[in-house]
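Shown next: structure.txt, containing compact mmCIF, C-alpha atoms and all ligand atoms.
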# COMPACT_ATOMS: atom_id res chain seq x y z
CA MET A 1 124.73 120.30 204.64
CA LYS A 2 125.08 124.02 203.93
CA LEU A 3 128.48 125.56 204.70
CA SER A 4 129.35 129.23 204.86
CA CYS A 5 132.04 130.65 202.53
CA GLY A 6 134.34 131.20 205.54
CA ILE A 7 134.23 127.55 206.60
CA VAL A 8 134.71 126.40 202.98
CA ARG A 9 137.79 128.63 202.64
CA ASP A 10 139.21 127.08 205.83
CA LEU A 11 138.59 123.55 204.53
CA LEU A 12 139.81 124.17 200.93
CA PRO A 13 143.55 123.68 201.61
CA LEU A 14 142.80 120.29 203.21
CA VAL A 15 140.59 119.27 200.27
CA VAL A 16 143.17 120.36 197.69
CA ASP A 17 145.98 118.51 199.50
CA GLY A 18 143.78 115.41 199.74
CA LEU A 19 143.79 115.47 203.54
CA ALA A 20 140.08 116.17 204.12
CA GLY A 21 137.63 113.44 205.10
CA GLU A 22 134.87 112.11 202.87
CA GLU A 23 132.13 114.17 204.57
CA SER A 24 134.03 117.47 204.40
CA ARG A 25 134.95 116.88 200.75
CA ALA A 26 131.34 116.23 199.77
CA ALA A 27 130.12 119.29 201.65
CA VAL A 28 132.77 121.53 200.10
CA ALA A 29 131.99 120.16 196.63
CA GLU A 30 128.32 120.90 197.16
CA HIS A 31 129.13 124.47 198.18
CA LEU A 32 131.54 125.00 195.26
CA ALA A 33 128.87 123.94 192.79
CA GLY A 34 126.84 127.00 193.77
CA CYS A 35 129.61 129.49 194.67
CA LYS A 36 131.81 131.02 191.97
CA GLU A 37 133.95 132.95 194.48
CA CYS A 38 134.99 129.84 196.38
CA SER A 39 135.55 127.92 193.12
CA ARG A 40 138.01 130.59 192.07
CA VAL A 41 139.83 130.30 195.41
CA ARG A 42 140.04 126.56 194.94
CA GLN A 43 141.50 126.97 191.44
CA GLN A 44 144.04 129.38 192.81
CA LEU A 45 145.01 126.96 195.57
CA GLU A 46 145.45 124.10 193.11
CA GLN A 47 147.75 126.18 190.92
CA ASP A 48 149.82 127.28 193.91
CA THR A 49 150.23 123.82 195.36
CA VAL A 50 151.09 121.91 192.20
CA PRO A 51 154.90 122.38 192.42
CA ASN A 52 154.92 121.63 196.13
CA ILE A 53 153.05 118.35 196.01
CA THR A 54 155.91 116.69 194.04
CA PRO A 55 157.23 114.84 197.06
CA ASP A 56 160.88 114.42 195.93
CA ALA A 57 161.48 118.00 194.69
CA PRO A 58 163.58 118.99 197.72
CA LEU A 59 165.45 115.70 197.51
CA GLN A 60 166.30 116.34 193.85
CA MET A 61 167.59 119.78 194.73
CA VAL A 62 169.86 118.27 197.37
CA LYS A 63 171.03 115.63 194.87
CA ARG A 64 171.78 118.29 192.27
CA GLU A 65 173.65 120.29 194.89
CA ILE A 66 175.78 117.26 195.82
CA VAL A 67 176.59 116.55 192.16
CA THR A 68 177.55 120.20 191.59
CA ARG A 69 179.76 120.27 194.68
CA ARG A 70 181.44 117.02 193.68
CA ARG A 71 182.09 118.37 190.16
CA ARG A 72 183.68 121.52 191.60
CA MET A 73 185.86 119.51 193.98
CA VAL A 74 187.01 117.30 191.08
CA GLY A 75 187.72 120.45 189.04
CA ALA A 76 189.78 121.97 191.85
CA VAL A 77 191.88 118.85 192.46
CA LEU A 78 192.25 117.93 188.78
CA GLY A 79 193.32 121.47 187.87
CA VAL A 80 196.10 121.51 190.49
CA VAL A 81 197.31 118.01 189.55
CA LEU A 82 197.41 118.86 185.82
CA ALA A 83 199.23 122.13 186.48
CA VAL A 84 201.91 120.32 188.53
CA VAL A 85 202.28 117.62 185.83
CA PHE A 86 202.64 120.24 183.08
CA CYS A 87 205.22 122.25 185.08
CA VAL A 88 207.30 119.16 185.90
CA PHE A 89 207.23 117.94 182.29
CA ALA A 90 208.08 121.42 180.98
CA ARG A 91 211.14 121.54 183.27
CA LEU A 92 212.31 118.01 182.43
CA SER A 93 212.00 118.62 178.69
CA ALA A 94 213.47 122.14 178.75
CA PRO A 95 216.62 122.37 176.64
CA VAL A 96 219.77 123.30 178.54
CA TRP A 97 222.10 125.06 176.12
CA LEU A 98 225.64 123.74 176.41
CA PRO A 99 228.46 126.30 176.45
CA TYR A 100 231.01 126.04 173.66
CA SER A 101 234.20 124.11 174.27
CA GLU A 102 236.92 122.78 171.95
CA THR A 103 235.89 119.21 172.70
CA LEU A 104 232.13 119.69 172.33
CA LEU A 105 232.04 119.47 168.54
CA THR A 106 234.09 119.39 165.34
CA VAL A 107 233.22 120.85 161.94
CA ASP A 108 234.56 119.26 158.73
CA MET A 109 233.99 120.33 155.14
CA LEU A 110 232.83 117.51 152.87
CA ASP A 111 233.88 117.16 149.21
CA SER A 112 230.46 118.51 148.23
CA GLY A 113 231.15 121.75 150.08
CA ASP A 114 228.59 120.92 152.80
CA LEU A 115 229.61 121.02 156.46
CA LEU A 116 229.57 117.93 158.68
CA VAL A 117 229.11 118.77 162.35
CA THR A 118 229.99 115.99 164.83
CA VAL A 119 228.89 116.45 168.46
CA ASN A 120 230.89 114.56 171.10
CA GLN A 121 228.05 114.65 173.60
CA PRO A 122 225.70 111.69 173.87
CA HIS A 123 221.92 112.31 173.88
CA ALA A 124 222.28 115.90 172.78
CA GLY A 125 220.11 117.82 170.36
CA ILE A 126 221.43 120.19 167.71
CA THR A 127 219.63 123.37 166.73
CA VAL A 128 220.60 125.14 163.50
CA ASP A 129 219.30 128.61 162.86
CA SER A 130 219.90 130.54 159.63
CA ALA A 131 219.55 134.28 159.86
CA GLY A 132 220.49 136.37 156.85
CA GLU A 133 223.98 135.70 155.59
CA GLU A 134 225.12 133.72 158.60
CA THR A 135 224.11 130.54 160.39
CA THR A 136 224.25 129.73 164.11
CA LEU A 137 224.32 126.32 165.72
CA SER A 138 223.73 125.28 169.34
CA VAL A 139 223.87 122.02 171.29
CA TRP A 140 221.45 121.27 174.12
CA LYS A 141 220.48 118.52 176.53
CA ASN A 142 217.61 117.97 178.91
CA ALA A 143 216.64 115.67 181.77
CA ILE A 144 214.55 113.38 179.59
CA SER A 145 216.56 112.21 176.60
CA PRO A 146 215.60 114.26 173.53
CA GLN A 147 213.71 112.40 170.83
CA ASN A 148 215.69 113.95 168.03
CA SER A 149 219.13 113.61 169.61
CA ARG A 150 221.84 113.39 166.96
CA GLU A 151 225.58 113.06 166.99
CA THR A 152 226.11 114.36 163.47
CA ILE A 153 224.36 116.80 161.21
CA VAL A 154 225.10 117.96 157.66
CA ILE A 155 224.53 121.62 156.91
CA PRO A 156 224.26 122.34 153.16
CA SER A 157 226.82 124.86 151.91
CA ASP A 158 224.13 127.22 150.58
CA GLN A 159 222.49 127.31 154.03
CA VAL A 160 225.67 128.24 155.85
CA GLY A 161 226.26 131.47 153.94
CA SER A 162 229.43 133.32 154.84
CA ALA A 163 229.96 131.90 158.34
CA LEU A 164 228.84 129.30 160.88
CA TYR A 165 228.80 130.32 164.54
CA TYR A 166 228.27 128.50 167.80
CA ALA A 167 225.66 130.35 169.90
CA ASP A 168 225.32 129.48 173.60
CA PHE A 169 223.23 132.50 174.64
CA ALA A 170 225.86 133.67 177.10
CA GLY A 171 227.91 136.32 175.32
CA ASP A 172 230.02 136.29 172.18
CA ASP A 173 229.33 133.61 169.58
CA THR A 174 232.22 131.36 168.55
CA LEU A 175 233.18 131.30 164.87
CA LEU A 176 233.19 127.63 163.77
CA TRP A 177 233.66 128.04 160.03
CA GLY A 178 233.98 130.82 157.45
CA SER A 179 234.97 134.37 158.11
CA SER A 180 233.36 137.06 160.16
CA ALA A 181 232.56 140.12 158.09
CA ALA A 182 231.21 142.26 160.90
CA GLY A 183 233.94 141.29 163.37
CA GLY A 184 232.11 138.91 165.70
CA ARG A 185 228.49 138.58 166.76
CA GLN A 186 226.34 137.86 169.79
CA THR A 187 223.21 135.77 170.25
CA LEU A 188 221.27 137.09 173.23
CA PRO A 189 218.50 135.22 175.04
CA ARG A 190 214.97 136.50 174.47
CA LEU A 191 213.19 138.60 177.07
CA VAL A 192 209.66 138.24 175.74
CA LEU A 193 208.54 136.14 178.74
CA ASN A 194 209.83 138.89 181.00
CA TYR A 195 207.49 141.40 179.31
CA TYR A 196 204.52 139.03 179.59
CA LEU A 197 205.27 138.51 183.29
CA VAL A 198 205.41 142.27 183.95
CA LEU A 199 202.18 142.75 181.97
CA ALA A 200 200.46 139.97 183.97
CA ALA A 201 201.68 141.48 187.26
CA GLY A 202 200.32 144.91 186.26
CA MET A 203 196.95 143.42 185.30
CA ALA A 204 196.81 141.42 188.54
CA VAL A 205 197.33 144.61 190.61
CA VAL A 206 194.78 146.71 188.68
CA LEU A 207 192.12 143.98 188.56
CA GLY A 208 192.79 143.08 192.20
CA ILE A 209 192.12 146.68 193.28
CA ALA A 210 188.98 146.79 191.10
CA ALA A 211 187.73 143.53 192.64
CA ALA A 212 188.39 144.84 196.18
CA VAL A 213 186.55 148.12 195.47
CA LEU A 214 183.57 146.36 193.86
CA ARG A 215 183.50 143.41 196.28
CA LYS A 216 180.01 144.24 197.58
CA ASN A 217 178.22 143.73 194.26
CA LYS A 218 178.07 141.32 191.32
CA ALA A 219 180.69 143.16 189.24
CA GLY A 220 183.18 142.46 192.04
CA LYS A 221 182.64 138.70 191.75
CA LEU A 222 183.08 138.90 187.97
CA MET A 223 186.23 140.97 188.52
CA VAL A 224 187.66 138.23 190.77
CA TYR A 225 187.24 135.70 187.94
CA ILE A 226 189.06 138.04 185.52
CA TRP A 227 191.73 138.83 188.15
CA LEU A 228 192.45 135.10 188.49
CA ALA A 229 193.66 134.87 184.87
CA PRO A 230 196.87 136.96 185.25
CA VAL A 231 197.44 135.51 188.75
CA CYS A 232 197.34 131.96 187.33
CA TYR A 233 199.69 133.05 184.52
CA ILE A 234 202.22 134.37 187.06
CA ILE A 235 202.12 131.19 189.17
CA ALA A 236 202.43 129.04 186.01
CA HIS A 237 205.42 131.13 184.86
CA PHE A 238 207.28 130.38 188.10
CA GLY A 239 206.22 126.74 187.87
CA VAL A 240 207.63 126.34 184.35
CA MET A 241 210.54 128.81 184.36
CA GLY A 242 211.48 129.10 188.04
CA LEU A 243 212.76 132.59 188.79
CA SER A 244 214.20 132.97 185.29
CA THR A 245 212.56 135.19 182.66
CA VAL A 246 215.11 134.73 179.87
CA THR A 247 214.84 132.01 177.27
CA ALA A 248 216.46 131.06 173.98
CA ASP A 249 213.14 130.00 172.48
CA ALA A 250 209.97 131.74 173.61
CA VAL A 251 207.34 129.51 171.99
CA ARG A 252 208.00 126.27 173.89
CA PRO A 253 207.99 127.66 177.47
CA LEU A 254 205.09 130.00 176.66
CA GLY A 255 203.02 127.02 175.49
CA TRP A 256 203.67 125.16 178.75
CA ILE A 257 202.99 128.26 180.83
CA LEU A 258 199.61 128.71 179.11
CA VAL A 259 198.44 125.11 179.58
CA ALA A 260 199.61 125.13 183.22
CA ALA A 261 197.87 128.50 183.77
CA ALA A 262 194.63 127.18 182.21
CA SER A 263 194.71 124.16 184.58
CA LEU A 264 195.31 126.43 187.57
CA TYR A 265 192.44 128.67 186.43
CA LEU A 266 190.09 125.67 186.32
CA ALA A 267 191.19 124.74 189.85
CA ALA A 268 190.82 128.29 191.18
CA VAL A 269 187.36 128.87 189.66
CA SER A 270 186.10 125.48 190.92
CA PHE A 271 187.44 126.21 194.40
CA ILE A 272 185.98 129.73 194.57
CA ARG A 273 182.56 128.56 193.40
CA LEU A 274 182.68 125.84 196.04
CA VAL A 275 183.45 128.37 198.80
CA TRP A 276 181.04 131.08 197.62
CA HIS A 277 178.18 128.62 197.28
CA LYS A 278 178.60 127.52 200.88
CA GLN A 279 178.01 131.03 202.26
ZN ZN A 301 131.32 130.33 198.99
As structure tokens, how would this structure be written, given the file I've shared?
Ligand SMILES: [Zn+2]
Amino acid sequence: MKLSCGIVRDLLPLVVDGLAGEESRAAVAEHLAGCKECSRVRQQLEQDTVPNITPDAPLQMVKREIVTRRRRMVGAVLGVVLAVVFCVFARLSAPVWLPYSETLLTVDMLDSGDLLVTVNQPHAGITVDSAGEETTLSVWKNAISPQNSRETIVIPSDQVGSALYYADFAGDDTLLWGSSAAGGRQTLPRLVLNYYLVLAAGMAVVLGIAAAVLRKNKAGKLMVYIWLAPVCYIIAHFGVMGLSTVTADAVRPLGWILVAAASLYLAAVSFIRLVWHKQ
């Protein structure tokens, strides 16, 4: 049976997909044997249809989509939960510096010349800080009992220098032992977290404006991801420090702020990707 090229071209898709009957297939094969043009069309058709004849390709795409969505949801929830846990733990373990009082502690000189400090406050921690010629000492407590709580501490005479002060980060230090050469001193809380907070707020404003201006194109989306970093830092700061920006020790709260901020960032990115992908 002789077929024209036109009829063969109409039948080719059915033959390639395996849907043509025995008679049609034989007739097309016979025609292809003598027609280079139609053979080329057939080759082309086979190449084009190969990816589509995998029957579960769309199903796999749906599966992949579900797995991705689930991963992003887990990321969003896990990030928020971790951030809350870090903030709560940071607050419970934050040292609360006790103000000086006559009954809080006593200082005695030992025969060796070292100083014995006895704290009359159960479950308190003692921090000793030597700076130059003088030494300061502070007592703190927190909600969860400190691991290194001590009732007594010996300060070697060579570490004390000319004077030992009590510093409670709220004004003038109290002279506990020795003599004050400079006529009194003050230990002020550190403001470094305040500067970081202001810096983060400035970055959040600038990057937020940039993201709003560029929102129509890809750079805008990237800008949103960058903008989230200072925003997460600010939220984490309030989570760890409350409304306060002053601290006696900057390293400890900064560490907690950074891990809480990183958790929040994970949550925010997962959530945004979830929402953007839906559109
Ligand atoms: Zn032909």
Q) Quick one: distance from CA of Ser138 in chain A to CA of Ala94 in chain A in Å, one decimal? A)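 A separation of 14.3 Å between them.
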Q. Within 6 Å of range 220-231 of chain A, counting all atoms listed in the file, which residues qualify if same-chain residues fewer than 5 places away don't, as a list in words?
A. Ala200, Ala204, Leu207, Gly208, Ala211, Leu214 and Arg215 of chain A
(Q) I'd like to know which of A:Thr245, A:Pro13, A:Gln159, A:Thr187 is closest to Arg25 in chain A, using all atoms listed in the file. (A) A:Pro13
(Q) Measuring between only C-alpha atoms and all ligand atoms, which one of A:Cys38, A:Leu3, A:Val28, A:Met203 shows the shortest distance to ligand ZN 301 (chain A)? (A) A:Cys38
Q: Name each residue within 6 Å of ligand ZN 301 (chain A), counting only C-alpha atoms and all ligand atoms, as number ranges by chain.
A: A: 5, 35, 37-38
Q.
Would you pick out the contacts of Asp114 in chain A at 10 Å or less, using all atoms listed in the file, so that residues sharing its chain but fewer than 2 positions from it are not included, and give the list as a PyMOL selection string?
A. chain A and resi 108-112+116-117+154-160
Q: May I ask for the distance between CA of Gly255 in chain A and CA of Ile272 in chain A, given in Å to one decimal place?
A: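 Rounded to one decimal, the two atoms are 25.7 Å apart.
Of the listed residues (A:Val41, A:Pro99, A:Leu105, A:Val213), A:Pro99 comes nearest to Asp172 in chain A; the distances count all atoms listed in the file.
Atom pair CA of Val119 in chain A / CA of Val139 in chain A: separated by 8.0 Å.
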Please provide as a PDB file with C-alpha atoms, keeping the file's coordinate frame all residues within 10 Å of Gly242 in chain A, with the sequence filter that same-chain residues fewer than 6 positions apart are discarded (counting all atoms listed in the file).
ATOM      1  CA  CYS A  87     205.220 122.250 185.080  1.00  0.00           C
ATOM      2  CA  ARG A  91     211.140 121.540 183.270  1.00  0.00           C
ATOM      3  CA  ILE A 235     202.120 131.190 189.170  1.00  0.00           C
ATOM      4  CA  ALA A 236     202.430 129.040 186.010  1.00  0.00           C
TER       5      ALA A 236
END
(Q) Using all atoms listed in the file, can you tell me which of A:Gly21, A:Ala27, A:Val16, A:Ala212 comes closest to Gln43 in chain A? (A) A:Val16
